[in-house]
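Enquirer: Here it is, the structure, as structure tokens.
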Amino acid sequence: MIRDITLGQYYPAKSVLHELDPRVKLAATLIFVVSLFVAKGPVGYALATVFLGIVIRLSKVPFRFMTKGLKSIVMLLMITVVFNLFLLDGDVVFWHFGFLRITDRGIRTAVMVGIRLIYLILGSSVMTLTTTPNDLTDGLEKLLSPLKKIHVPVHDMSMMMSIALRFIPILLEETDKIMKAQIARGADFESGNLIQKAKAMIPLLVPLFFSALRRAMDLALAMEARCYHGGEGRTKMKPLKYESKDRTAYAVIWIYLAAMIVIGYGRQIYGWIPFI
Amino acid sequence: MIRAEKLTFDYAKTNEEGNVESWKRAVDGVDLEVRSGEFIAILGHNGSGKSTLAKHINAILLPTEGTLWVDGMDTKDEDKLWDIRQDAGMVFQNPDNQIIGTVVEEDVGFGPENLGVPTDEIWERVEESLKAVGMLKYRKHSPNRLSGGQKQRVAIAGVMAMHPRCIVLDEPTAMLDPHGRKSVIRTVQKLNREEQITVILITHYMEEVIEADRVIVMDDGKVVMQGTPREIFSQVDRLKELRLDVPQATLVAYELQKKGFPLRNGILSNEELVEELCQLKSKM
């Protein structure tokens, strides 16, 4: 089903991660991404793997949902890995042909970059799978609320974002429907060169835009009918409040980052790496 | 509860440059009185002005001429706009285009959030409204995974959570399958009976009208017939003139009458028809 795309798709379950404050999860994702870039050497990556493994386990989301997100970056992953593998110079050359060569550094970098990319997607998937898009935008709204003072319409932006997220699957399904309808009438989306293919998209895009606009109008009407009048005087069904488990989570993620930094840069700073 | 006096609404037809070409009268001098707790059905074929009338009750449209009062509040009074919208909730036709939340309970909470209801009370209201429409066990689900009928029930719960006294449903079942249609109508009837919610149901399915207290038939912006379902459906010829269907049982009875069988007027359901035919048979 096209409605089951992972991006912005929430997996309902009862877990510690689902109940954490979205601000914690946003910050933690950011910190995890940073940690992947300070990671150096097998120990660092091992720690990241263990950490990610525990987090995925805690989330109670089946692993296959995480890997769905990976499919979209397969091409990017292949390209980066292949380029790193064949083009990097190193001390030990295992194989070479013209400008292509496989070296020890090449292998190491390719593996590292590959793991980094995969973990990046997995880490952010964990966040989007355990956080409803509404929570996510709520979290962002709250994190960015200081910007309200300089007249940035934070509430309106977060409302637009959550509506966009809600309608992505619906519009995708509609695209699918229109496409099939056009194919049934003899439209050809497959063959031809790039320009012909682009031209073939017009009969798809025009009805799609039409219906998106009509939906937007309907939705605006429905929102007004339910007394929506901007962010002022609005209360929250799920106000964001830090609880003890959120503070614990913050502590855990900061300790994790500190460990990663020590492992990654310990040698440069202190001249030794602990645990090895 | 709701009172309309000489309600008239014109909308402009514009040409391609956006200039007004002509005015079309969608609602034409409608007088209407709805009492608290009533179940009203509004019938009419496409373009009869029934949806336009419905949008006036929620103050989405304002009358060109005439006045509409909701609970004594004039819909033209801008200060009362949000009170009117809270008092008279509205459910629309397309279930996908009126659900704002990405989780069922968040959508139901949307209305109360806008009204500034305190957090604890929002939760109570969400739970109570989801229970009232029989969707409590889906509260954590994504609306995308629900069927059309379930989505409409969530939309009704979303309106109920605002504690309205009246719900206006604008062809809520037009995009549903027969099963979903039944579940939505049953929910509406239950709310009317148990919570004393005034219901104004706009539809073109005759089967949904049978249980209403009063039926209003519109044609060309005017109210042309008004009465109990039995009164309305005993005038099969008049309804046909207005390009409206009648319930199947009524139609069969009508055709039998024309063939000379002495059946009574205004048969609405299959059960009534069967009973009537049995009586007829025992007399013969």
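Within each chain, counting starts at residue 1; across the structure tokens, chains are named A, B, ... in the order shown, with ligands numbered 1 upward in that order.
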Name the residues of stretch 38-151 of chain B that come out as alpha helix (DSSP H) in a backbone DSSP run; write them as number ranges by chain.

Expert: B: 50-57, 81-87, 104-115, 119-132, 148-151

Enquirer: Using only C-alpha atoms, find each residue in chain B having at least one atom no more than 10 Å away from chain A; report its shortest atom-to-atom pair and that distance in Å (one decimal), rows by chain then rising number, as a Markdown table.

Expert:
| residue | atom | partner | partner_atom | distance |
| --- | --- | --- | --- | --- |
| B:Lys55 | CA | A:Ala225 | CA | 9.3 |
| B:Asn58 | CA | A:Ala225 | CA | 6.7 |
| B:Ala59 | CA | A:Ala225 | CA | 8.3 |
| B:Ile60 | CA | A:Ala225 | CA | 7.1 |
| B:Leu81 | CA | A:Cys227 | CA | 8.7 |
| B:Trp82 | CA | A:Cys227 | CA | 5.9 |
| B:Asp83 | CA | A:Cys227 | CA | 8.7 |
| B:Ile84 | CA | A:Cys227 | CA | 9.3 |
| B:Arg85 | CA | A:Ala225 | CA | 6.0 |
| B:Gln86 | CA | A:Cys227 | CA | 6.8 |
| B:Ala88 | CA | A:Ala225 | CA | 8.9 |
| B:Gly89 | CA | A:Ala225 | CA | 6.9 |
| B:Met90 | CA | A:Ala225 | CA | 6.4 |
| B:Val91 | CA | A:Ala222 | CA | 7.9 |
| B:Phe92 | CA | A:Ala222 | CA | 7.4 |
| B:Gln93 | CA | A:Asp218 | CA | 9.5 |
| B:Asn94 | CA | A:Asp218 | CA | 8.3 |
| B:Asp96 | CA | A:Ile170 | CA | 8.1 |
| B:Asn97 | CA | A:Leu219 | CA | 5.2 |
| B:Gln98 | CA | A:Ala222 | CA | 5.3 |
| B:Ile99 | CA | A:Leu219 | CA | 7.8 |
| B:Ile100 | CA | A:Ile163 | CA | 6.6 |
| B:Gly101 | CA | A:Arg166 | CA | 7.3 |
| B:Thr102 | CA | A:Arg166 | CA | 5.7 |
| B:Val103 | CA | A:Thr132 | CA | 7.5 |
| B:Glu105 | CA | A:Met237 | CA | 9.4 |
| B:Glu106 | CA | A:Met237 | CA | 7.5 |
| B:Val108 | CA | A:Met237 | CA | 9.8 |
| B:Gly109 | CA | A:Met237 | CA | 6.2 |
| B:Phe110 | CA | A:Arg226 | CA | 7.7 |
| B:Gly111 | CA | A:Arg226 | CA | 5.2 |
| B:Pro112 | CA | A:Thr235 | CA | 8.0 |
| B:Glu113 | CA | A:Thr235 | CA | 4.8 |
| B:Asn114 | CA | A:Arg234 | CA | 5.0 |
| B:Leu115 | CA | A:Arg234 | CA | 6.6 |
| B:Gly116 | CA | A:Thr235 | CA | 4.7 |
| B:Val117 | CA | A:Thr235 | CA | 6.2 |
| B:Pro118 | CA | A:Thr235 | CA | 6.4 |
| B:Thr119 | CA | A:Met237 | CA | 5.2 |
| B:Asp120 | CA | A:Met237 | CA | 7.8 |
| B:Glu121 | CA | A:Met237 | CA | 8.8 |
| B:Ile122 | CA | A:Met237 | CA | 6.0 |
| B:Trp123 | CA | A:Met237 | CA | 6.9 |
| B:Val126 | CA | A:Met237 | CA | 9.4 |
| B:Lys140 | CA | A:Pro12 | CA | 6.9 |
| B:His141 | CA | A:Pro12 | CA | 7.1 |
| B:Ser142 | CA | A:Tyr10 | CA | 8.0 |
| B:Pro143 | CA | A:Arg166 | CA | 9.2 |
| B:Asn144 | CA | A:Arg3 | CA | 7.4 |
| B:Arg145 | CA | A:Arg3 | CA | 8.4 |
| B:Ala155 | CA | A:Ala222 | CA | 9.8 |
| B:Gly158 | CA | A:Arg226 | CA | 8.3 |
| B:Val159 | CA | A:Arg226 | CA | 7.2 |
| B:Met162 | CA | A:Arg226 | CA | 8.1 |

Enquirer: Show which residues sit within 10 Å of B:Leu277, as a ChimeraX atom specification. Count only C-alpha atoms, and ignore same-chain residues fewer than 4 positions away.

Expert: /B:253,261-263,271-273,281-283

Enquirer: Tell me, which residues of stretch 50-213 of chain A carry DSSP strand (DSSP E), written as a list in words?

Expert: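 Matching residues for strand (DSSP E) in stretch 50-213 of chain A are Val93, Phe94, Trp95, His96, Phe97, Leu100, Arg101, Ile102 and Thr103 of chain A.
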
Enquirer: Counting only C-alpha atoms, which of A:Met160, A:Ala249, A:Ala110, A:Leu47 gets nearest to A:Asp21?

Expert: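 Of A:Met160, A:Ala249, A:Ala110, A:Leu47, the one nearest A:Asp21 is A:Ala249, counting only C-alpha atoms.
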
Enquirer: Here is a test: counting only C-alpha atoms, which residue of A:Gly98, A:Pro22, A:Pro203, A:Gly186 is nearest to A:Leu143?

Expert: A:Pro22

Enquirer: Using atom CA of B:Tyr138 and atom CA of B:Pro95 as the two end points, give the distance in Å to one decimal.

Expert: 16.0 Å

Enquirer: Determine, using only C-alpha atoms, which residues of stretch 10-123 of chain B have any atom at most 12 Å from an atom of stretch 223-240 of chain B, and tabulate each with its shortest atom pair and distance in Å to one decimal place, rows ordered by chain and then rising number, as JSON lines.

Expert:
{"residue": "B:Ala26", "atom": "CA", "partner": "B:Val223", "partner_atom": "CA", "distance": 11.9}
{"residue": "B:Val27", "atom": "CA", "partner": "B:Val223", "partner_atom": "CA", "distance": 9.2}
{"residue": "B:Asp28", "atom": "CA", "partner": "B:Val223", "partner_atom": "CA", "distance": 8.6}
{"residue": "B:Gly29", "atom": "CA", "partner": "B:Val223", "partner_atom": "CA", "distance": 8.7}
{"residue": "B:Val30", "atom": "CA", "partner": "B:Val223", "partner_atom": "CA", "distance": 6.4}
{"residue": "B:Asp31", "atom": "CA", "partner": "B:Val223", "partner_atom": "CA", "distance": 8.0}
{"residue": "B:Leu32", "atom": "CA", "partner": "B:Val223", "partner_atom": "CA", "distance": 8.8}
{"residue": "B:Glu33", "atom": "CA", "partner": "B:Gln226", "partner_atom": "CA", "distance": 11.3}
{"residue": "B:Glu38", "atom": "CA", "partner": "B:Thr228", "partner_atom": "CA", "distance": 11.8}
{"residue": "B:Phe39", "atom": "CA", "partner": "B:Thr228", "partner_atom": "CA", "distance": 10.6}
{"residue": "B:Ile40", "atom": "CA", "partner": "B:Thr228", "partner_atom": "CA", "distance": 9.5}
{"residue": "B:Ala41", "atom": "CA", "partner": "B:Pro229", "partner_atom": "CA", "distance": 9.1}
{"residue": "B:Ile42", "atom": "CA", "partner": "B:Gln226", "partner_atom": "CA", "distance": 9.3}
{"residue": "B:Leu43", "atom": "CA", "partner": "B:Met225", "partner_atom": "CA", "distance": 9.5}
{"residue": "B:Gly44", "atom": "CA", "partner": "B:Val223", "partner_atom": "CA", "distance": 9.4}
{"residue": "B:His45", "atom": "CA", "partner": "B:Leu239", "partner_atom": "CA", "distance": 10.6}
{"residue": "B:Ser48", "atom": "CA", "partner": "B:Val223", "partner_atom": "CA", "distance": 9.4}
{"residue": "B:Gly49", "atom": "CA", "partner": "B:Val223", "partner_atom": "CA", "distance": 9.6}
{"residue": "B:Lys50", "atom": "CA", "partner": "B:Val223", "partner_atom": "CA", "distance": 9.4}
{"residue": "B:Leu53", "atom": "CA", "partner": "B:Val223", "partner_atom": "CA", "distance": 10.7}

Enquirer: Write out the residues from the selection above, keeping C-alpha atoms, as a short mmCIF file (atom, residue, chain, number, x, y, z; two decimals), in the first residue's frame.

Expert:
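Wrote it out as part28.cif, contents follow:
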data_model
loop_
_atom_site.label_atom_id
_atom_site.label_comp_id
_atom_site.auth_asym_id
_atom_site.auth_seq_id
_atom_site.Cartn_x
_atom_site.Cartn_y
_atom_site.Cartn_z
CA ALA B 26 -28.92 29.71 -4.45
CA VAL B 27 -31.28 30.14 -1.53
CA ASP B 28 -34.46 32.08 -2.12
CA GLY B 29 -36.48 33.43 0.78
CA VAL B 30 -36.38 30.41 3.05
CA ASP B 31 -38.30 30.50 6.33
CA LEU B 32 -37.27 27.79 8.69
CA GLU B 33 -37.72 26.91 12.30
CA GLU B 38 -35.36 17.74 16.50
CA PHE B 39 -34.06 15.48 13.73
CA ILE B 40 -34.52 17.32 10.47
CA ALA B 41 -33.71 15.92 7.05
CA ILE B 42 -33.27 18.22 4.10
CA LEU B 43 -33.81 16.66 0.68
CA GLY B 44 -33.24 18.03 -2.76
CA HIS B 45 -31.47 17.17 -5.97
CA SER B 48 -31.36 22.82 -5.01
CA GLY B 49 -29.55 25.03 -2.50
CA LYS B 50 -29.57 22.59 0.37
CA LEU B 53 -28.50 26.62 3.36
#

Enquirer: Report, in Å to a single decimal, how far apart atom CA of B:Ile200 and atom CA of B:Ile167 are.

Expert: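 Computed distance, atom CA of B:Ile167 to atom CA of B:Ile200, equals 6.3 Å.
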
Enquirer: Residues within 12 Å of A:Tyr45, please, as a VMD selection string. Count only C-alpha atoms; anything in the same chain fewer than 2 positions from it doesn't count.

Expert: chain A and resid 32 35 to 43 47 to 53 111 to 116 119 259 to 261 263 to 264

Enquirer: Please provide as a list in words all residues within 12 Å of A:Leu30, with the sequence filter that same-chain residues fewer than 6 positions apart are discarded (counting only C-alpha atoms).

Expert: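 Contacts, in chain order: Arg23, Val24, Leu36, Phe37, Leu120, Ile121, Gly123, Ser124, Met127, Ile253, Trp254 and Leu257 of chain A.
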
Enquirer: Atoms to include: N, CA and C atoms. Write the selected residues as a compact mmCIF listing (two decimals), in the first residue's frame.

Expert:
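Final file, out-v6.txt:
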# COMPACT_ATOMS: atom_id res chain seq x y z
N ARG A 23 10.69 16.98 22.07
CA ARG A 23 11.89 17.82 22.08
C ARG A 23 13.13 17.00 22.40
N VAL A 24 12.94 16.05 23.34
CA VAL A 24 14.07 15.19 23.69
C VAL A 24 14.49 14.38 22.47
N LEU A 36 27.82 10.43 15.13
CA LEU A 36 28.29 9.60 14.02
C LEU A 36 29.47 10.26 13.32
N PHE A 37 29.51 11.59 13.37
CA PHE A 37 30.60 12.27 12.69
C PHE A 37 31.83 12.43 13.54
N LEU A 120 22.41 7.00 10.06
CA LEU A 120 21.73 8.29 10.01
C LEU A 120 20.26 8.09 9.72
N ILE A 121 19.99 7.28 8.70
CA ILE A 121 18.59 7.04 8.31
C ILE A 121 17.88 6.26 9.40
N GLY A 123 18.56 6.13 12.57
CA GLY A 123 18.35 6.98 13.74
C GLY A 123 17.17 7.90 13.56
N SER A 124 17.10 8.56 12.39
CA SER A 124 15.97 9.49 12.21
C SER A 124 14.66 8.73 12.00
N MET A 127 13.09 8.14 15.26
CA MET A 127 12.37 9.32 15.75
C MET A 127 11.01 9.44 15.07
N ILE A 253 21.73 10.49 26.57
CA ILE A 253 22.23 10.86 25.25
C ILE A 253 23.49 11.72 25.36
N TRP A 254 23.57 12.59 26.39
CA TRP A 254 24.77 13.39 26.56
C TRP A 254 25.95 12.53 26.98
N LEU A 257 27.20 10.86 23.95
CA LEU A 257 27.99 11.74 23.09
C LEU A 257 29.39 11.94 23.69

Enquirer: B:Val154: which residues within 8 Å, counting only C-alpha atoms, same-chain residues fewer than 2 positions away excluded, as a list of chain:residue names?

Expert: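 In the requested form, the answer reads B:Val104, B:Asp107, B:Val108, B:Leu130, B:Val133, B:Met135, B:Gln150, B:Lys151, B:Gln152, B:Ile156, B:Ala157, B:Gly158.
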
Enquirer: Kindly give the distance, in Å, that separates atom CA of B:Ile202 and atom CA of B:Ser51, rounded to a single decimal.

Expert: 7.3 Å

Enquirer: Which residue out of B:Lys259, B:Ser183, B:Ala54, B:Leu146 has the minimum interatomic distance to B:Leu169 when only C-alpha atoms are used?

Expert: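 Answer, going by the shortest atom-to-atom distance: B:Ala54.
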
Enquirer: I'd like the contact shell of A:Val16 - 10 Å cut-off, only C-alpha atoms, skipping same-chain residues fewer than 2 positions apart - returned as a list in words.

Expert: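 The residues satisfying every condition are Ala13, Lys14, His18, Glu19, Leu20, Val55, Leu58, Ser59, Lys60, Thr130, Lys245, Asp246 and Ala249 of chain A.
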
Enquirer: Please write the residues from the selection above to a file, keeping N, CA and C atoms, as a compact mmCIF listing (two decimals), in the first residue's frame.

Expert:
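To be explicit, this is the file written out as again39.txt:
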# COMPACT_ATOMS: atom_id res chain seq x y z
N ALA A 13 2.59 2.17 19.04
CA ALA A 13 3.00 1.12 19.98
C ALA A 13 3.18 1.79 21.33
N LYS A 14 3.27 0.95 22.37
CA LYS A 14 3.50 1.52 23.69
C LYS A 14 4.93 1.24 24.09
N HIS A 18 8.11 6.05 22.67
CA HIS A 18 6.88 6.71 22.22
C HIS A 18 6.43 7.77 23.22
N GLU A 19 6.75 7.52 24.49
CA GLU A 19 6.23 8.43 25.52
C GLU A 19 7.16 9.59 25.82
N LEU A 20 8.37 9.56 25.25
CA LEU A 20 9.30 10.66 25.52
C LEU A 20 8.80 11.95 24.88
N VAL A 55 18.25 1.32 21.32
CA VAL A 55 17.15 2.27 21.07
C VAL A 55 16.07 1.63 20.21
N LEU A 58 14.15 -0.74 22.26
CA LEU A 58 13.25 -0.04 23.18
C LEU A 58 12.02 0.50 22.46
N SER A 59 12.17 0.83 21.17
CA SER A 59 11.07 1.48 20.46
C SER A 59 9.93 0.53 20.15
N LYS A 60 10.22 -0.79 20.20
CA LYS A 60 9.21 -1.81 19.92
C LYS A 60 8.63 -1.71 18.51
N THR A 130 8.44 6.77 16.14
CA THR A 130 7.92 6.75 17.51
C THR A 130 7.24 8.07 17.88
N LYS A 245 11.53 11.00 33.08
CA LYS A 245 12.12 10.12 32.07
C LYS A 245 12.77 10.92 30.94
N ASP A 246 12.25 12.15 30.71
CA ASP A 246 12.87 12.98 29.69
C ASP A 246 14.24 13.45 30.13
N ALA A 249 16.58 10.66 29.78
CA ALA A 249 16.95 10.46 28.38
C ALA A 249 18.00 11.47 27.95

Enquirer: Smallest atom-to-atom distance to A:Val81: which of A:Leu17, A:Leu136, A:Leu208, A:Ile107, using only C-alpha atoms?

Expert: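 Under the stated criterion, the closest residue is A:Ile107.
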